[in-house]
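A.B. asks: There's a structure below that I have some questions on.
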Amino acid sequence: AGQFSRRRACAGSLGWSVSQHARHSPAKGVLARLPIDAAEATHHCTLARPQVLLLLAATSARAMRLVLQRVKRASVTVDEEVVGEIGKGMLVLVGIHRDDVDADAAWCRERILKTNFWADENGRPWKHSVGSLGLDVLCVSQFTLYGELKRKKGRGNLDWRHAMGPEPAKAFYETFLSDLRGELPESSKLADGRFGAMMDV
C-alpha cells in the first residue's frame with residue numbers, strides 16, 4: 001500500500017479515502033488524504049508510512065466506503081476488453097458494507113459530486129468539484145475495501161465478513177449508480193466496470 005501511494009504521488013495524482021462513520025448521522029464522515037498533489041510530490045513522495053496510517057484511520061469505520069482518485073483519464077478492462085472509460089474526472093472505488101442503507105449511499109454520492117479537487121480559473125486549488133465543472137466519473141465496485149486480516153499468528157488470510165453479500169450488493173450498487181447518473185450534470189459521463197468480475201483499472 002505504501003508503494004502504491006508513493007508511486008501515484010510521484011505521478012502527480014490525488015486520492016482520498018471516504019467513509020461515512022456515523023450510522024446515526026449520514027451527514028458525518030471522514031476524509032483521509034492518500035497520494036499527494038503534484039505541487040507537493042517532490043517533498044512527500046518518500047513519505048509512504050504517514051499516508052498509509054491516514055488510510056487505516058479512515059477505514060476503521062463500519063459503513064459504505066469510497067476511494068476517490070482525481071484523474072486525467074481512466075478505464076477498466078475485463079478479459080482484455082475495455083468495459084468503461086472516462087476523460088478528465090474522478091475514479092471511484094466503491095465498497096458496500098453489509099449494513100448500508102439508502103442514506104449511506106446518498107451521503108457518498110454527495111461526496112463524489114461536491115468534493116473540491118480542482119483549481120479555479122485563477123489557479124487557486126481546491127475550488128471546483130465534479131458537479132461544478134461537469135466532469136466524468138468512473139465507478140468500480142470493490143468489496144475488498146472491507147478486507148480484514150484474520151488474527152491468527154503467522155497467517156495472512158483475509159476476512160470479508162463486513163462486506164455486503166454478492167446479490168444484495170449488486171442491487172444496492174446498481175441503484176447507487178442509477179441515482180448518481182441522475183444527479184450528475186448533463187455534460188458528465190458516468191462509466192462503471194463489471195460487477196463481480198476480475199477488473200484491471
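Chain labels A, B, ... are given in the sequence in which chains occur in the C-alpha cells; within each chain residues are numbered consecutively from 1, and ligands are likewise numbered from 1 in the order shown.
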What lies within 10 Å of Ile86 of chain A using only C-alpha atoms, ignoring chain neighbours under 4 positions off, as a PyMOL selection string?
C.D. replies: chain A and resi 71-76+90-91+135-138+188-192
A.B. asks: Please write the residues from the selection above to a file, keeping N, CA and C atoms, as a PDB file, in the first residue's frame.
C.D. replies:
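File produced: out36.pdb:
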ATOM      1  N   VAL A  71      -8.363  12.077 -11.784  1.00  0.00           N
ATOM      2  CA  VAL A  71      -7.671  11.505 -12.939  1.00  0.00           C
ATOM      3  C   VAL A  71      -7.769  12.420 -14.157  1.00  0.00           C
ATOM      4  N   LYS A  72      -6.787  12.288 -15.043  1.00  0.00           N
ATOM      5  CA  LYS A  72      -6.859  12.923 -16.359  1.00  0.00           C
ATOM      6  C   LYS A  72      -7.652  12.041 -17.315  1.00  0.00           C
ATOM      7  N   ARG A  73      -7.564  10.747 -17.090  1.00  0.00           N
ATOM      8  CA  ARG A  73      -8.364   9.763 -17.832  1.00  0.00           C
ATOM      9  C   ARG A  73      -8.265   8.448 -17.066  1.00  0.00           C
ATOM     10  N   ALA A  74      -9.225   7.568 -17.261  1.00  0.00           N
ATOM     11  CA  ALA A  74      -9.215   6.282 -16.570  1.00  0.00           C
ATOM     12  C   ALA A  74     -10.056   5.288 -17.346  1.00  0.00           C
ATOM     13  N   SER A  75      -9.740   4.006 -17.176  1.00  0.00           N
ATOM     14  CA  SER A  75     -10.516   2.961 -17.842  1.00  0.00           C
ATOM     15  C   SER A  75     -10.465   1.690 -17.006  1.00  0.00           C
ATOM     16  N   VAL A  76     -11.432   0.794 -17.241  1.00  0.00           N
ATOM     17  CA  VAL A  76     -11.458  -0.501 -16.578  1.00  0.00           C
ATOM     18  C   VAL A  76     -11.618  -1.576 -17.641  1.00  0.00           C
ATOM     19  N   MET A  90     -13.113  11.782 -12.114  1.00  0.00           N
ATOM     20  CA  MET A  90     -12.855  11.074 -10.866  1.00  0.00           C
ATOM     21  C   MET A  90     -13.063   9.572 -11.014  1.00  0.00           C
ATOM     22  N   LEU A  91     -12.079   8.814 -10.550  1.00  0.00           N
ATOM     23  CA  LEU A  91     -12.199   7.368 -10.416  1.00  0.00           C
ATOM     24  C   LEU A  91     -12.640   7.070  -8.993  1.00  0.00           C
ATOM     25  N   LEU A 135     -17.571  17.189 -14.802  1.00  0.00           N
ATOM     26  CA  LEU A 135     -16.547  16.216 -15.184  1.00  0.00           C
ATOM     27  C   LEU A 135     -17.099  14.789 -15.147  1.00  0.00           C
ATOM     28  N   ASP A 136     -16.269  13.843 -15.621  1.00  0.00           N
ATOM     29  CA  ASP A 136     -16.679  12.436 -15.726  1.00  0.00           C
ATOM     30  C   ASP A 136     -16.415  11.677 -14.426  1.00  0.00           C
ATOM     31  N   VAL A 137     -17.107  10.549 -14.282  1.00  0.00           N
ATOM     32  CA  VAL A 137     -16.927   9.680 -13.116  1.00  0.00           C
ATOM     33  C   VAL A 137     -16.879   8.229 -13.593  1.00  0.00           C
ATOM     34  N   LEU A 138     -15.887   7.474 -13.111  1.00  0.00           N
ATOM     35  CA  LEU A 138     -15.802   6.036 -13.354  1.00  0.00           C
ATOM     36  C   LEU A 138     -15.886   5.329 -12.010  1.00  0.00           C
ATOM     37  N   SER A 188     -21.524  15.533 -17.814  1.00  0.00           N
ATOM     38  CA  SER A 188     -20.716  14.480 -17.183  1.00  0.00           C
ATOM     39  C   SER A 188     -21.054  13.112 -17.763  1.00  0.00           C
ATOM     40  N   LYS A 189     -20.020  12.291 -17.906  1.00  0.00           N
ATOM     41  CA  LYS A 189     -20.191  10.899 -18.315  1.00  0.00           C
ATOM     42  C   LYS A 189     -19.997  10.009 -17.092  1.00  0.00           C
ATOM     43  N   LEU A 190     -20.894   9.057 -16.894  1.00  0.00           N
ATOM     44  CA  LEU A 190     -20.743   8.075 -15.828  1.00  0.00           C
ATOM     45  C   LEU A 190     -20.461   6.717 -16.450  1.00  0.00           C
ATOM     46  N   ALA A 191     -19.329   6.129 -16.082  1.00  0.00           N
ATOM     47  CA  ALA A 191     -18.966   4.791 -16.556  1.00  0.00           C
ATOM     48  C   ALA A 191     -18.749   3.901 -15.337  1.00  0.00           C
ATOM     49  N   ASP A 192     -18.798   2.588 -15.552  1.00  0.00           N
ATOM     50  CA  ASP A 192     -18.515   1.663 -14.459  1.00  0.00           C
ATOM     51  C   ASP A 192     -17.893   0.399 -15.011  1.00  0.00           C
TER      52      ASP A 192
END
A.B. asks: Which residues, written as a short mmCIF file (atom, residue, chain, number, x, y, z; two decimals) with C-alpha atoms, in the first residue's frame, have at least one atom at most 12 Å from Glu80 of chain A, with only C-alpha atoms counted and residues fewer than 6 positions away on the same chain left out?
C.D. replies:
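Dumped everything to selection-v2.cif:
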data_model
loop_
_atom_site.label_atom_id
_atom_site.label_comp_id
_atom_site.auth_asym_id
_atom_site.auth_seq_id
_atom_site.Cartn_x
_atom_site.Cartn_y
_atom_site.Cartn_z
CA MET A 198 -11.78 -9.52 -12.20
CA MET A 199 -11.05 -5.98 -13.40
CA ASP A 200 -7.89 -4.11 -14.38
CA VAL A 201 -8.19 -0.38 -13.70
#
A.B. asks: Would you return as a list in words the members of segment 69-130 of chain A that DSSP assigns to alpha helix (DSSP H) on this structure's backbone?
C.D. replies: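 Those residues are Asp102, Ala103, Asp104, Ala105, Ala106, Trp107, Cys108, Arg109, Glu110, Arg111, Ile112, Leu113, Lys114 and Val130 of chain A.
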A.B. asks: What is the distance, in Å and to one decimal place, between atom CA of Trp160 of chain A and atom CA of Gly147 of chain A?
C.D. replies: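 Taking atom CA of Trp160 of chain A and atom CA of Gly147 of chain A, their separation equals 5.0 Å.
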A.B. asks: Point out the residue among A:Val67, A:Ala163, A:Leu93, A:Val83 with the least atom-to-atom distance to Gly193 of chain A, counting only C-alpha atoms.
C.D. replies: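 The answer is A:Val83, which sits nearest to Gly193 of chain A.
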A.B. asks: Name all residues at most 10 Å from Glu183 of chain A (count only C-alpha atoms; drop same-chain ones fewer than 5 positions away) and give them as a PDB file with all heavy atoms, in the first residue's frame.
C.D. replies:
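The file below, selection31.pdb, is the result:
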ATOM      1  N   ARG A 109     -22.721   9.732  -2.541  1.00  0.00           N
ATOM      2  CA  ARG A 109     -22.918  10.399  -3.838  1.00  0.00           C
ATOM      3  C   ARG A 109     -22.642  11.895  -3.723  1.00  0.00           C
ATOM      4  O   ARG A 109     -22.065  12.503  -4.629  1.00  0.00           O
ATOM      5  CB  ARG A 109     -24.341  10.162  -4.349  1.00  0.00           C
ATOM      6  CG  ARG A 109     -24.643   8.738  -4.740  1.00  0.00           C
ATOM      7  CD  ARG A 109     -25.895   8.654  -5.602  1.00  0.00           C
ATOM      8  NE  ARG A 109     -27.042   9.285  -4.969  1.00  0.00           N
ATOM      9  CZ  ARG A 109     -27.870   8.671  -4.110  1.00  0.00           C
ATOM     10  NH1 ARG A 109     -27.667   7.407  -3.784  1.00  0.00           N
ATOM     11  NH2 ARG A 109     -28.910   9.312  -3.584  1.00  0.00           N
ATOM     12  N   GLU A 110     -23.035  12.472  -2.607  1.00  0.00           N
ATOM     13  CA  GLU A 110     -22.779  13.907  -2.403  1.00  0.00           C
ATOM     14  C   GLU A 110     -21.279  14.190  -2.350  1.00  0.00           C
ATOM     15  O   GLU A 110     -20.813  15.206  -2.859  1.00  0.00           O
ATOM     16  CB  GLU A 110     -23.448  14.381  -1.121  1.00  0.00           C
ATOM     17  CG  GLU A 110     -23.369  15.890  -0.929  1.00  0.00           C
ATOM     18  CD  GLU A 110     -24.122  16.353   0.303  1.00  0.00           C
ATOM     19  OE1 GLU A 110     -24.336  15.524   1.218  1.00  0.00           O
ATOM     20  OE2 GLU A 110     -24.491  17.538   0.353  1.00  0.00           O
ATOM     21  N   LEU A 113     -19.934  14.266  -5.892  1.00  0.00           N
ATOM     22  CA  LEU A 113     -20.354  15.455  -6.629  1.00  0.00           C
ATOM     23  C   LEU A 113     -19.716  16.735  -6.124  1.00  0.00           C
ATOM     24  O   LEU A 113     -19.420  17.642  -6.916  1.00  0.00           O
ATOM     25  CB  LEU A 113     -21.877  15.588  -6.569  1.00  0.00           C
ATOM     26  CG  LEU A 113     -22.685  14.583  -7.375  1.00  0.00           C
ATOM     27  CD1 LEU A 113     -24.130  14.582  -6.911  1.00  0.00           C
ATOM     28  CD2 LEU A 113     -22.603  14.916  -8.859  1.00  0.00           C
ATOM     29  N   GLY A 131     -19.236  18.170  -9.816  1.00  0.00           N
ATOM     30  CA  GLY A 131     -20.511  18.812 -10.081  1.00  0.00           C
ATOM     31  C   GLY A 131     -20.374  20.202 -10.664  1.00  0.00           C
ATOM     32  O   GLY A 131     -21.108  20.561 -11.595  1.00  0.00           O
ATOM     33  N   LEU A 177     -25.576   3.658  -8.694  1.00  0.00           N
ATOM     34  CA  LEU A 177     -25.179   4.197  -9.995  1.00  0.00           C
ATOM     35  C   LEU A 177     -26.332   4.933 -10.672  1.00  0.00           C
ATOM     36  O   LEU A 177     -26.143   6.018 -11.243  1.00  0.00           O
ATOM     37  CB  LEU A 177     -24.688   3.074 -10.910  1.00  0.00           C
ATOM     38  CG  LEU A 177     -23.349   2.422 -10.569  1.00  0.00           C
ATOM     39  CD1 LEU A 177     -23.043   1.329 -11.593  1.00  0.00           C
ATOM     40  CD2 LEU A 177     -22.222   3.440 -10.538  1.00  0.00           C
ATOM     41  N   SER A 178     -27.516   4.352 -10.622  1.00  0.00           N
ATOM     42  CA  SER A 178     -28.671   4.980 -11.254  1.00  0.00           C
ATOM     43  C   SER A 178     -28.968   6.345 -10.630  1.00  0.00           C
ATOM     44  O   SER A 178     -29.216   7.332 -11.339  1.00  0.00           O
ATOM     45  CB  SER A 178     -29.894   4.069 -11.120  1.00  0.00           C
ATOM     46  OG  SER A 178     -31.042   4.673 -11.652  1.00  0.00           O
ATOM     47  N   SER A 188     -21.524  15.533 -17.814  1.00  0.00           N
ATOM     48  CA  SER A 188     -20.716  14.480 -17.183  1.00  0.00           C
ATOM     49  C   SER A 188     -21.054  13.112 -17.763  1.00  0.00           C
ATOM     50  O   SER A 188     -22.212  12.797 -18.027  1.00  0.00           O
ATOM     51  CB  SER A 188     -20.956  14.453 -15.673  1.00  0.00           C
ATOM     52  OG  SER A 188     -20.536  15.640 -15.065  1.00  0.00           O
TER      53      SER A 188
END
A.B. asks: Any idea what the distance is between atom CA of His162 of chain A and atom CA of Arg70 of chain A?
C.D. replies: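 Answer for the atom CA of His162 of chain A to atom CA of Arg70 of chain A separation: 27.0 Å.
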